[in-house]
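**Student:** Below is a structure I'd like to ask you about.
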Amino acid sequence: MTTITLDTTLCRTQTLMASEVGEETMMMDINQGMYFALNPVGSRIWALLEQATSVKALCEQLLKEYDIDVAQCEQEVMTFIDQLLERKIVSVVAHKADAPSS
Amino acid sequence: MKIDTLTSQNLASESTVPASSEQVTFCQAGNQGSNYLYQAYGLTIDSELVIPQLLAGQGRSDITIRFGNIPASLDNATDTGPCWQISPKQFLLRIDKVAGYWAHGGSGEVLIDRATEASDDDVRTFLLGSILGFLLHQRRILPLHASAIRTERGAVLFTGHSGAGKSTTLGAMVKRGYAMLADDVSAIVIDEQGCPQVLPAFPSSRLRADSAAKLNRSTQDAGHIGTAFDKYLFEVDHFCQEVVPLYGIYILTQHDQPKIELQPIKSTVDKFSWLLVNTYRNQFIKQIGWEQEHFQLISNVLQTTQVIQVKRPTDPFLLDELVRQLEQDFSSNT
C-alpha cells in the first residue's frame, strides 16, 4: 500500500550513519537502535538520494543503468521507497504540487 | 532491492565476571621506584599493584593504577546496576570481598579500594577484565571477545561465547608454532590507510583443566583461578609483541552434527551482528556513547576482513581436526 507517487521527493534521514561494505551499504540509526544493510541496487538508490530526489528522477537514472522496463522499475522503486519510509531511512520532502519553485 | 534489519536491543550482553582467586608464579614487571611499569595493547601502565601477567613497559604512562579511596557515586551516570555505575567518562565497580574500582577514561586513572581479605589475584581479575575493557572502549579501541594469533597473512581471531573454545584453539595454534597476540580480548584499531590492526595483549591464557589436558599441559605448575569455571592461568612462551594487520575472524560455534564445518558469512548484517555481539562488554558502547565510532570501526573491519563461522560438534571437541581445517583455511588463497 503506497502513498507515494512518481512526483514524491525524498531525502535521507540526516541522523543515519552509513558505510559502504563491498557492494552493500551498512547503516545505523542510533535513535531507533537499529542497523540496516542495503543490497547493491538498494545501495545505488541510497547513493542517488544524496540530494533530495523525486521517484521519477530515480527511475530515469536507474533505467539508464539497469536492464529493466519502465513499469517494472517504477513499481519496484516505489515498493522499496515505501520500505525505506517505514524504517525512517528516508522521509518525504514534498509532493510536486506543494514544492516551492526553485 | 532489499533491506536486512537488525535491532540492537535484542543482542545479548556479557554477564558480569565471577569472583576468582589466582596465584601466578611468573613475573615480568619493569620496576620504577615502588610502582611497576607494564605494557598491553600499546598502552603503558604504571601500577602500584603487581600484575605478573603483563609484559614490562617503558616511557610515559597512559594508565595509572593506585590504591586509594573511590567516589561513592558518579555524576552524570548514564546507567547503573546493583554494583556498578557508568558515565560517559567514568566507571565505578564494586565486587564484594574483593575491591571497589574507579576508572576515568580521560585521565587514564584507576583507583582501587581493596577489601582487607582480598588477594592480589582477586583484585587483578577484575582489573584486567572489566576495568581494562572500559579503558579500551574509552580510547575508541575495538575490543573483541576473541583470542588472536599471528599467521603469515596477518592476525587471525577466534571469537565466541564463554566455553566456545577461544583459549583452547589458541593453545593448539601456539603449539603448532603460531605466535599469540591475545587470549580473551583482542584489540583492533584502524591505521591511517584504513586497515584494521590488532594490538598485542599479554602472554597469559586461562584454560579449564580439561582444555589444558587436550593441549597436554600440566596444571601442576600453572596458577589456579578457583572460579565457577575453575580455570588455570598459563604463561605463553611464544608471544608476538608487534601490531599485526587483521586478516580474518572465525566465529566459534557448536552444532549437533559429527563433523566440523567452516562457512564464510555472506550477509553484511549477519557479519555486523556477530561482531557487535562479540564486542567485549558491548553494553559499554551505548553507556559511554560511542555508537557512531564503533559502527565506523566495525564497518572498516568488514570492508577488508573475512568473517567465517566455524561449527564444531560439542563433544568430542575434535581439536586436531579443527586446527587442521582452520590452518588450511587461513593459509589458502581466497
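FYI, nothing fancy with the C-alpha cells labels: chains A, B, ... in order, residues from 1 per chain, ligands from 1 as they appear.
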Considering only C-alpha atoms, return as a PyMOL selection string whatever protein or nucleic-acid residues lie within 6 Å of stretch 252-262 of chain B, sequence-local ones (same chain, fewer than 5 positions apart) excluded.
**Tutor:** chain B and resi 159-160+164+309-314
**Student:** Could you take the residues named above and write them with N, CA, C and O atoms, as an mmCIF file, in the first residue's frame?
**Tutor:**
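Saved the output as selection_7.cif:
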```cif
data_model
loop_
_atom_site.group_PDB
_atom_site.id
_atom_site.type_symbol
_atom_site.label_atom_id
_atom_site.label_comp_id
_atom_site.auth_asym_id
_atom_site.auth_seq_id
_atom_site.Cartn_x
_atom_site.Cartn_y
_atom_site.Cartn_z
ATOM 1 N N THR B 159 36.687 -15.959 17.859
ATOM 2 C CA THR B 159 35.763 -15.329 18.788
ATOM 3 C C THR B 159 34.586 -16.258 19.092
ATOM 4 O O THR B 159 34.325 -17.200 18.346
ATOM 5 N N GLY B 160 33.912 -15.990 20.187
ATOM 6 C CA GLY B 160 32.775 -16.838 20.542
ATOM 7 C C GLY B 160 32.439 -16.678 22.007
ATOM 8 O O GLY B 160 33.150 -16.004 22.752
ATOM 9 N N ALA B 164 33.294 -21.556 24.136
ATOM 10 C CA ALA B 164 33.297 -21.879 22.715
ATOM 11 C C ALA B 164 34.624 -22.497 22.281
ATOM 12 O O ALA B 164 34.673 -23.243 21.312
ATOM 13 N N GLN B 309 32.112 -18.536 9.946
ATOM 14 C CA GLN B 309 31.534 -19.260 11.068
ATOM 15 C C GLN B 309 32.085 -20.681 11.091
ATOM 16 O O GLN B 309 32.130 -21.354 10.058
ATOM 17 N N VAL B 310 32.517 -21.104 12.277
ATOM 18 C CA VAL B 310 33.034 -22.457 12.455
ATOM 19 C C VAL B 310 32.032 -23.224 13.293
ATOM 20 O O VAL B 310 31.701 -22.800 14.402
ATOM 21 N N LYS B 311 31.545 -24.326 12.768
ATOM 22 C CA LYS B 311 30.615 -25.149 13.547
ATOM 23 C C LYS B 311 31.324 -26.448 13.885
ATOM 24 O O LYS B 311 31.748 -27.171 12.983
ATOM 25 N N ARG B 312 31.451 -26.710 15.170
ATOM 26 C CA ARG B 312 32.092 -27.963 15.573
ATOM 27 C C ARG B 312 31.132 -28.733 16.484
ATOM 28 O O ARG B 312 30.255 -28.148 17.104
ATOM 29 N N PRO B 313 31.310 -30.073 16.549
ATOM 30 C CA PRO B 313 30.479 -30.835 17.491
ATOM 31 C C PRO B 313 30.842 -30.457 18.924
ATOM 32 O O PRO B 313 31.997 -30.139 19.233
ATOM 33 N N THR B 314 29.845 -30.470 19.793
ATOM 34 C CA THR B 314 30.079 -30.158 21.203
ATOM 35 C C THR B 314 31.026 -31.173 21.819
ATOM 36 O O THR B 314 31.949 -30.839 22.543
#
```
**Student:** Would you pick out the contacts of A:Leu10 at 10 Å or less, using only C-alpha atoms, so that residues sharing its chain but fewer than 6 positions from it are not included, and give the list as a CSV table (one decimal) with all heavy atoms, in the first residue's frame?
**Tutor:**
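Dumped to out23.csv:
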```csv
chain,number,residue,atom,x,y,z
A,4,ILE,N,3.0,7.1,-2.0
A,4,ILE,CA,3.9,7.9,-2.8
A,4,ILE,C,3.5,7.8,-4.3
A,4,ILE,O,2.9,6.8,-4.7
A,4,ILE,CB,5.4,7.6,-2.6
A,4,ILE,CG1,5.6,6.1,-2.9
A,4,ILE,CG2,5.8,7.9,-1.1
A,4,ILE,CD1,7.1,5.7,-2.9
A,49,LEU,N,20.2,9.3,-3.7
A,49,LEU,CA,19.5,10.1,-2.8
A,49,LEU,C,20.4,11.1,-2.0
A,49,LEU,O,19.9,11.7,-1.0
A,49,LEU,CB,18.6,9.3,-1.8
A,49,LEU,CG,17.4,8.7,-2.4
A,49,LEU,CD1,16.8,7.6,-1.5
A,49,LEU,CD2,16.3,9.7,-2.7
A,50,GLU,N,21.6,11.2,-2.4
A,50,GLU,CA,22.5,12.2,-1.7
A,50,GLU,C,21.9,13.6,-1.8
A,50,GLU,O,22.0,14.3,-0.8
A,50,GLU,CB,23.8,12.2,-2.4
A,50,GLU,CG,24.9,12.8,-1.5
A,50,GLU,CD,26.3,12.8,-2.1
A,50,GLU,OE1,26.5,12.1,-3.1
A,50,GLU,OE2,27.1,13.6,-1.5
A,51,GLN,N,21.3,13.9,-2.9
A,51,GLN,CA,20.5,15.2,-2.9
A,51,GLN,C,19.0,14.7,-2.9
A,51,GLN,O,18.7,13.6,-3.4
A,51,GLN,CB,20.7,15.9,-4.3
A,51,GLN,CG,22.2,16.2,-4.6
A,51,GLN,CD,22.7,17.2,-3.7
A,51,GLN,OE1,22.0,18.1,-3.2
A,51,GLN,NE2,24.0,17.1,-3.4
A,52,ALA,N,18.1,15.6,-2.4
A,52,ALA,CA,16.7,15.2,-2.4
A,52,ALA,C,16.3,15.0,-3.9
A,52,ALA,O,16.6,15.7,-4.8
A,52,ALA,CB,15.9,16.4,-1.8
A,53,THR,N,15.6,13.9,-4.1
A,53,THR,CA,15.3,13.4,-5.5
A,53,THR,C,13.9,12.9,-5.5
A,53,THR,O,13.4,12.3,-4.5
A,53,THR,CB,16.3,12.3,-5.8
A,53,THR,OG1,17.6,12.7,-5.5
A,53,THR,CG2,16.2,11.9,-7.3
A,54,SER,N,13.3,13.1,-6.7
A,54,SER,CA,11.9,12.5,-6.8
A,54,SER,C,12.0,11.1,-7.3
A,54,SER,O,13.0,10.6,-7.8
A,54,SER,CB,11.2,13.3,-7.9
A,54,SER,OG,11.7,13.1,-9.2
A,55,VAL,N,10.9,10.4,-7.1
A,55,VAL,CA,10.8,9.0,-7.5
A,55,VAL,C,11.1,8.9,-9.0
A,55,VAL,O,11.8,8.0,-9.5
A,55,VAL,CB,9.5,8.3,-7.1
A,55,VAL,CG1,9.4,6.9,-7.7
A,55,VAL,CG2,9.3,8.3,-5.6
A,81,ILE,N,11.0,2.3,-1.8
A,81,ILE,CA,10.9,3.6,-1.1
A,81,ILE,C,10.0,3.5,0.1
A,81,ILE,O,10.2,4.0,1.1
A,81,ILE,CB,10.6,4.8,-2.1
A,81,ILE,CG1,11.6,5.0,-3.1
A,81,ILE,CG2,10.3,6.1,-1.3
A,81,ILE,CD1,12.9,5.5,-2.6
A,85,LEU,N,10.8,4.4,3.9
A,85,LEU,CA,10.0,5.3,4.6
A,85,LEU,C,9.5,4.7,5.9
A,85,LEU,O,9.6,5.3,7.0
A,85,LEU,CB,8.8,5.7,3.8
A,85,LEU,CG,9.0,6.8,2.7
A,85,LEU,CD1,7.8,6.9,1.8
A,85,LEU,CD2,9.3,8.1,3.4
A,90,VAL,N,14.4,7.2,5.0
A,90,VAL,CA,14.2,8.5,4.2
A,90,VAL,C,12.9,9.1,4.7
A,90,VAL,O,12.1,8.5,5.4
A,90,VAL,CB,14.1,8.2,2.7
A,90,VAL,CG1,15.4,7.6,2.1
A,90,VAL,CG2,12.9,7.3,2.4
A,91,SER,N,12.7,10.3,4.2
A,91,SER,CA,11.4,11.0,4.5
A,91,SER,C,11.0,11.8,3.3
A,91,SER,O,11.8,12.1,2.4
A,91,SER,CB,11.5,11.8,5.8
A,91,SER,OG,12.5,12.8,5.6
A,92,VAL,N,9.7,12.1,3.2
A,92,VAL,CA,9.2,12.8,2.1
A,92,VAL,C,9.4,14.3,2.3
A,92,VAL,O,9.2,14.9,3.3
A,92,VAL,CB,7.6,12.6,2.0
A,92,VAL,CG1,7.0,13.4,0.9
A,92,VAL,CG2,7.4,11.1,1.7
A,93,VAL,N,10.0,14.9,1.2
A,93,VAL,CA,10.2,16.4,1.3
A,93,VAL,C,8.9,17.1,0.9
A,93,VAL,O,8.4,17.9,1.7
A,93,VAL,CB,11.3,16.8,0.3
A,93,VAL,CG1,11.5,18.3,0.2
A,93,VAL,CG2,12.6,16.1,0.7
A,94,ALA,N,8.4,16.9,-0.3
A,94,ALA,CA,7.2,17.5,-0.7
A,94,ALA,C,6.6,16.8,-1.9
A,94,ALA,O,7.4,16.2,-2.7
A,94,ALA,CB,7.4,19.0,-1.0
A,95,HIS,N,5.3,16.8,-2.1
A,95,HIS,CA,4.8,16.4,-3.4
A,95,HIS,C,5.0,17.6,-4.4
A,95,HIS,O,5.0,18.7,-3.9
A,95,HIS,CB,3.3,16.0,-3.3
A,95,HIS,CG,3.1,14.8,-2.5
A,95,HIS,ND1,3.1,13.5,-3.1
A,95,HIS,CD2,3.0,14.5,-1.2
A,95,HIS,CE1,3.0,12.6,-2.2
A,95,HIS,NE2,2.9,13.2,-1.0
```
**Student:** Based on only C-alpha atoms, which of the residues in chain A come within 9 Å of chain B? I want them as a PDB file with N, CA and C atoms, in the first residue's frame.
**Tutor:**
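In the end it all went to selection.pdb:
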```
ATOM      1  N   MET A  17      23.898   6.945  10.113  1.00  0.00           N
ATOM      2  CA  MET A  17      25.287   6.751   9.710  1.00  0.00           C
ATOM      3  C   MET A  17      25.289   5.667   8.650  1.00  0.00           C
ATOM      4  N   ALA A  18      26.050   5.867   7.595  1.00  0.00           N
ATOM      5  CA  ALA A  18      26.089   4.839   6.556  1.00  0.00           C
ATOM      6  C   ALA A  18      27.524   4.592   6.148  1.00  0.00           C
ATOM      7  N   SER A  19      27.802   3.357   5.797  1.00  0.00           N
ATOM      8  CA  SER A  19      29.155   2.990   5.420  1.00  0.00           C
ATOM      9  C   SER A  19      29.090   1.917   4.341  1.00  0.00           C
ATOM     10  N   GLU A  20      29.887   2.073   3.294  1.00  0.00           N
ATOM     11  CA  GLU A  20      29.892   1.058   2.231  1.00  0.00           C
ATOM     12  C   GLU A  20      30.701  -0.145   2.676  1.00  0.00           C
ATOM     13  N   VAL A  21      30.147  -1.310   2.524  1.00  0.00           N
ATOM     14  CA  VAL A  21      30.876  -2.537   2.804  1.00  0.00           C
ATOM     15  C   VAL A  21      30.744  -3.403   1.557  1.00  0.00           C
ATOM     16  N   GLY A  22      31.789  -3.419   0.741  1.00  0.00           N
ATOM     17  CA  GLY A  22      31.689  -4.102  -0.545  1.00  0.00           C
ATOM     18  C   GLY A  22      30.648  -3.378  -1.387  1.00  0.00           C
ATOM     19  N   GLU A  24      27.470  -3.438  -0.693  1.00  0.00           N
ATOM     20  CA  GLU A  24      26.311  -3.136   0.140  1.00  0.00           C
ATOM     21  C   GLU A  24      26.553  -1.860   0.946  1.00  0.00           C
ATOM     22  N   THR A  25      25.483  -1.351   1.519  1.00  0.00           N
ATOM     23  CA  THR A  25      25.607  -0.200   2.417  1.00  0.00           C
ATOM     24  C   THR A  25      25.102  -0.604   3.780  1.00  0.00           C
ATOM     25  N   MET A  26      25.947  -0.442   4.775  1.00  0.00           N
ATOM     26  CA  MET A  26      25.586  -0.743   6.157  1.00  0.00           C
ATOM     27  C   MET A  26      25.169   0.576   6.811  1.00  0.00           C
ATOM     28  N   MET A  27      24.065   0.544   7.553  1.00  0.00           N
ATOM     29  CA  MET A  27      23.593   1.807   8.149  1.00  0.00           C
ATOM     30  C   MET A  27      23.230   1.616   9.600  1.00  0.00           C
ATOM     31  N   MET A  28      23.290   2.702  10.355  1.00  0.00           N
ATOM     32  CA  MET A  28      22.902   2.635  11.756  1.00  0.00           C
ATOM     33  C   MET A  28      22.069   3.853  12.117  1.00  0.00           C
ATOM     34  N   ILE A  30      20.995   5.524  15.470  1.00  0.00           N
ATOM     35  CA  ILE A  30      21.130   5.483  16.941  1.00  0.00           C
ATOM     36  C   ILE A  30      19.785   5.693  17.600  1.00  0.00           C
ATOM     37  N   GLN A  32      16.801   4.954  16.832  1.00  0.00           N
ATOM     38  CA  GLN A  32      15.934   3.774  16.887  1.00  0.00           C
ATOM     39  C   GLN A  32      16.670   2.556  17.433  1.00  0.00           C
ATOM     40  N   GLY A  33      18.000   2.642  17.546  1.00  0.00           N
ATOM     41  CA  GLY A  33      18.781   1.476  17.976  1.00  0.00           C
ATOM     42  C   GLY A  33      18.738   0.370  16.952  1.00  0.00           C
ATOM     43  N   MET A  34      18.761   0.746  15.656  1.00  0.00           N
ATOM     44  CA  MET A  34      18.657  -0.280  14.625  1.00  0.00           C
ATOM     45  C   MET A  34      19.766  -0.176  13.591  1.00  0.00           C
ATOM     46  N   TYR A  35      20.058  -1.308  12.992  1.00  0.00           N
ATOM     47  CA  TYR A  35      21.056  -1.388  11.932  1.00  0.00           C
ATOM     48  C   TYR A  35      20.390  -1.949  10.699  1.00  0.00           C
ATOM     49  N   PHE A  36      20.801  -1.451   9.535  1.00  0.00           N
ATOM     50  CA  PHE A  36      20.238  -1.942   8.281  1.00  0.00           C
ATOM     51  C   PHE A  36      21.364  -2.200   7.304  1.00  0.00           C
ATOM     52  N   ALA A  37      21.100  -3.080   6.356  1.00  0.00           N
ATOM     53  CA  ALA A  37      22.027  -3.219   5.238  1.00  0.00           C
ATOM     54  C   ALA A  37      21.219  -3.174   3.957  1.00  0.00           C
ATOM     55  N   LEU A  38      21.699  -2.412   2.986  1.00  0.00           N
ATOM     56  CA  LEU A  38      21.041  -2.345   1.688  1.00  0.00           C
ATOM     57  C   LEU A  38      21.855  -3.166   0.705  1.00  0.00           C
ATOM     58  N   ASN A  39      21.187  -3.947  -0.122  1.00  0.00           N
ATOM     59  CA  ASN A  39      21.913  -4.748  -1.122  1.00  0.00           C
ATOM     60  C   ASN A  39      22.389  -3.825  -2.255  1.00  0.00           C
ATOM     61  N   PRO A  40      23.104  -4.347  -3.253  1.00  0.00           N
ATOM     62  CA  PRO A  40      23.734  -3.468  -4.250  1.00  0.00           C
ATOM     63  C   PRO A  40      22.788  -2.471  -4.937  1.00  0.00           C
ATOM     64  N   VAL A  41      21.605  -2.915  -5.352  1.00  0.00           N
ATOM     65  CA  VAL A  41      20.707  -1.975  -6.045  1.00  0.00           C
ATOM     66  C   VAL A  41      20.172  -0.945  -5.051  1.00  0.00           C
ATOM     67  N   GLY A  42      19.812  -1.435  -3.855  1.00  0.00           N
ATOM     68  CA  GLY A  42      19.365  -0.521  -2.805  1.00  0.00           C
ATOM     69  C   GLY A  42      20.443   0.505  -2.483  1.00  0.00           C
ATOM     70  N   SER A  43      21.701   0.032  -2.489  1.00  0.00           N
ATOM     71  CA  SER A  43      22.821   0.939  -2.222  1.00  0.00           C
ATOM     72  C   SER A  43      22.919   2.005  -3.287  1.00  0.00           C
ATOM     73  N   ILE A  45      20.474   3.241  -5.075  1.00  0.00           N
ATOM     74  CA  ILE A  45      19.379   4.194  -4.840  1.00  0.00           C
ATOM     75  C   ILE A  45      19.745   5.130  -3.694  1.00  0.00           C
ATOM     76  N   GLU A  76       9.020  -1.341  -8.626  1.00  0.00           N
ATOM     77  CA  GLU A  76       9.996  -1.812  -7.634  1.00  0.00           C
ATOM     78  C   GLU A  76      10.580  -0.663  -6.829  1.00  0.00           C
ATOM     79  N   VAL A  77      10.833   0.453  -7.494  1.00  0.00           N
ATOM     80  CA  VAL A  77      11.383   1.600  -6.769  1.00  0.00           C
ATOM     81  C   VAL A  77      10.387   2.099  -5.738  1.00  0.00           C
ATOM     82  N   PHE A  80      10.279  -0.204  -2.789  1.00  0.00           N
ATOM     83  CA  PHE A  80      11.492  -0.053  -1.988  1.00  0.00           C
ATOM     84  C   PHE A  80      11.451   1.237  -1.166  1.00  0.00           C
ATOM     85  N   GLN A  83       9.473   0.902   1.846  1.00  0.00           N
ATOM     86  CA  GLN A  83      10.197   0.212   2.924  1.00  0.00           C
ATOM     87  C   GLN A  83      11.159   1.169   3.626  1.00  0.00           C
ATOM     88  N   LEU A  84      11.811   2.015   2.844  1.00  0.00           N
ATOM     89  CA  LEU A  84      12.739   2.980   3.439  1.00  0.00           C
ATOM     90  C   LEU A  84      11.985   3.973   4.321  1.00  0.00           C
TER      91      LEU A  84
END
```
**Student:** State, in Å with one decimal place, the distance from atom CA of A:Trp46 to atom CA of A:Thr5.
**Tutor:**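 About the pair atom CA of A:Trp46 and atom CA of A:Thr5: they are 18.0 Å apart.
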**Student:** Let's see if you can do this: from backbone DSSP, list all strand (DSSP E or B) residues in chain A, as a ChimeraX atom specification.
**Tutor:** /A:9-12,17-21,24-29,34-38,53-54,90-94
**Student:** Do a neighbour search on A:Ala57 at 9 Å with only C-alpha atoms, toss out local chain neighbours closer than 4 positions, and write the hits as a list in words.
**Tutor:**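 Non-adjacent residues within range: Leu6, Asp7, Thr53, Gln61 and Leu62 of chain A.
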**Student:** How would the residues just picked look written out with N, CA, C and O atoms as a CSV table (one decimal), in the first residue's frame?
**Tutor:**
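For reference, again_31.csv as written:
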```csv
chain,number,residue,atom,x,y,z
A,6,LEU,N,5.1,9.2,-8.4
A,6,LEU,CA,6.3,9.5,-9.1
A,6,LEU,C,6.9,10.8,-8.8
A,6,LEU,O,8.1,11.1,-8.9
A,7,ASP,N,6.0,11.7,-8.4
A,7,ASP,CA,6.4,13.1,-8.1
A,7,ASP,C,6.9,13.3,-6.7
A,7,ASP,O,7.3,14.4,-6.4
A,53,THR,N,15.6,13.9,-4.1
A,53,THR,CA,15.3,13.4,-5.5
A,53,THR,C,13.9,12.9,-5.5
A,53,THR,O,13.4,12.3,-4.5
A,61,GLN,N,17.2,7.6,-13.8
A,61,GLN,CA,18.6,7.3,-13.7
A,61,GLN,C,18.8,5.7,-13.7
A,61,GLN,O,19.7,5.2,-14.4
A,62,LEU,N,18.0,5.0,-13.0
A,62,LEU,CA,18.1,3.6,-12.9
A,62,LEU,C,17.9,2.9,-14.3
A,62,LEU,O,18.5,1.9,-14.6
```
**Student:** Taking the DSSP assignment computed from this structure's backbone, write out as number ranges by chain all residues of stretch 5-57 of chain A that belong to alpha helix (DSSP H).
**Tutor:** A: 40-48, 55-57
**Student:** Mind writing the picked residues with N, CA and C atoms as a PDB file, in the first residue's frame?
**Tutor:**
```
ATOM      1  N   PRO A  40      23.104  -4.347  -3.253  1.00  0.00           N
ATOM      2  CA  PRO A  40      23.734  -3.468  -4.250  1.00  0.00           C
ATOM      3  C   PRO A  40      22.788  -2.471  -4.937  1.00  0.00           C
ATOM      4  N   VAL A  41      21.605  -2.915  -5.352  1.00  0.00           N
ATOM      5  CA  VAL A  41      20.707  -1.975  -6.045  1.00  0.00           C
ATOM      6  C   VAL A  41      20.172  -0.945  -5.051  1.00  0.00           C
ATOM      7  N   GLY A  42      19.812  -1.435  -3.855  1.00  0.00           N
ATOM      8  CA  GLY A  42      19.365  -0.521  -2.805  1.00  0.00           C
ATOM      9  C   GLY A  42      20.443   0.505  -2.483  1.00  0.00           C
ATOM     10  N   SER A  43      21.701   0.032  -2.489  1.00  0.00           N
ATOM     11  CA  SER A  43      22.821   0.939  -2.222  1.00  0.00           C
ATOM     12  C   SER A  43      22.919   2.005  -3.287  1.00  0.00           C
ATOM     13  N   ARG A  44      22.653   1.637  -4.535  1.00  0.00           N
ATOM     14  CA  ARG A  44      22.721   2.592  -5.642  1.00  0.00           C
ATOM     15  C   ARG A  44      21.652   3.658  -5.467  1.00  0.00           C
ATOM     16  N   ILE A  45      20.474   3.241  -5.075  1.00  0.00           N
ATOM     17  CA  ILE A  45      19.379   4.194  -4.840  1.00  0.00           C
ATOM     18  C   ILE A  45      19.745   5.130  -3.694  1.00  0.00           C
ATOM     19  N   TRP A  46      20.315   4.575  -2.627  1.00  0.00           N
ATOM     20  CA  TRP A  46      20.752   5.407  -1.497  1.00  0.00           C
ATOM     21  C   TRP A  46      21.765   6.446  -1.970  1.00  0.00           C
ATOM     22  N   ALA A  47      22.695   6.017  -2.818  1.00  0.00           N
ATOM     23  CA  ALA A  47      23.705   6.941  -3.345  1.00  0.00           C
ATOM     24  C   ALA A  47      23.040   8.063  -4.136  1.00  0.00           C
ATOM     25  N   LEU A  48      22.041   7.700  -4.946  1.00  0.00           N
ATOM     26  CA  LEU A  48      21.341   8.704  -5.761  1.00  0.00           C
ATOM     27  C   LEU A  48      20.558   9.680  -4.903  1.00  0.00           C
ATOM     28  N   VAL A  55      10.925  10.353  -7.071  1.00  0.00           N
ATOM     29  CA  VAL A  55      10.848   8.953  -7.503  1.00  0.00           C
ATOM     30  C   VAL A  55      11.070   8.886  -9.007  1.00  0.00           C
ATOM     31  N   LYS A  56      10.483   9.838  -9.717  1.00  0.00           N
ATOM     32  CA  LYS A  56      10.594   9.888 -11.196  1.00  0.00           C
ATOM     33  C   LYS A  56      12.054   9.997 -11.606  1.00  0.00           C
ATOM     34  N   ALA A  57      12.792  10.905 -10.958  1.00  0.00           N
ATOM     35  CA  ALA A  57      14.189  11.115 -11.320  1.00  0.00           C
ATOM     36  C   ALA A  57      15.009   9.864 -11.005  1.00  0.00           C
TER      37      ALA A  57
END
```
**Student:** Please measure the separation of atom CA of B:Leu170 and atom CA of B:Tyr41, giving the value in Å to one decimal.
**Tutor:**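 Between atom CA of B:Leu170 and atom CA of B:Tyr41 the gap is 17.9 Å.
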**Student:** Report the distance between atom CA of B:Gly133 and atom CA of B:Arg176 in Å, rounded to one decimal place.
**Tutor:**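 Atom CA of B:Arg176 lies 29.2 Å from atom CA of B:Gly133.
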**Student:** Calculated over only C-alpha atoms, which of the candidates B:Gly42, B:Pro52, B:Gly106, B:Gly100 has the smallest distance to B:Gln197?
**Tutor:** B:Gly42
**Student:** Mind checking which residues fall within 10 Å of B:Leu49, counting only C-alpha atoms, ignoring those fewer than 2 positions away in the same chain, and posting them as a PyMOL selection string?
**Tutor:** chain B and resi 34-36+46-47+51-52+65-67+112+120+123-124
**Student:** Of the candidates B:Ala212, B:Val277, B:Ala222, B:Ala148, which one gets nearest to B:Val244 if we count only C-alpha atoms?
**Tutor:** B:Ala148
**Student:** Of the candidates B:Ile249, B:Leu322, B:Leu54, B:Ala179, which shows the shortest atom-to-atom distance to B:Asp237, using only C-alpha atoms?
**Tutor:** B:Ala179
**Student:** Pick out the closest residue to B:Leu127 from this set: B:Leu199, B:Val98, B:Ala155, B:Pro143. Count only C-alpha atoms.
**Tutor:**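 The answer is B:Val98, which sits nearest to B:Leu127.
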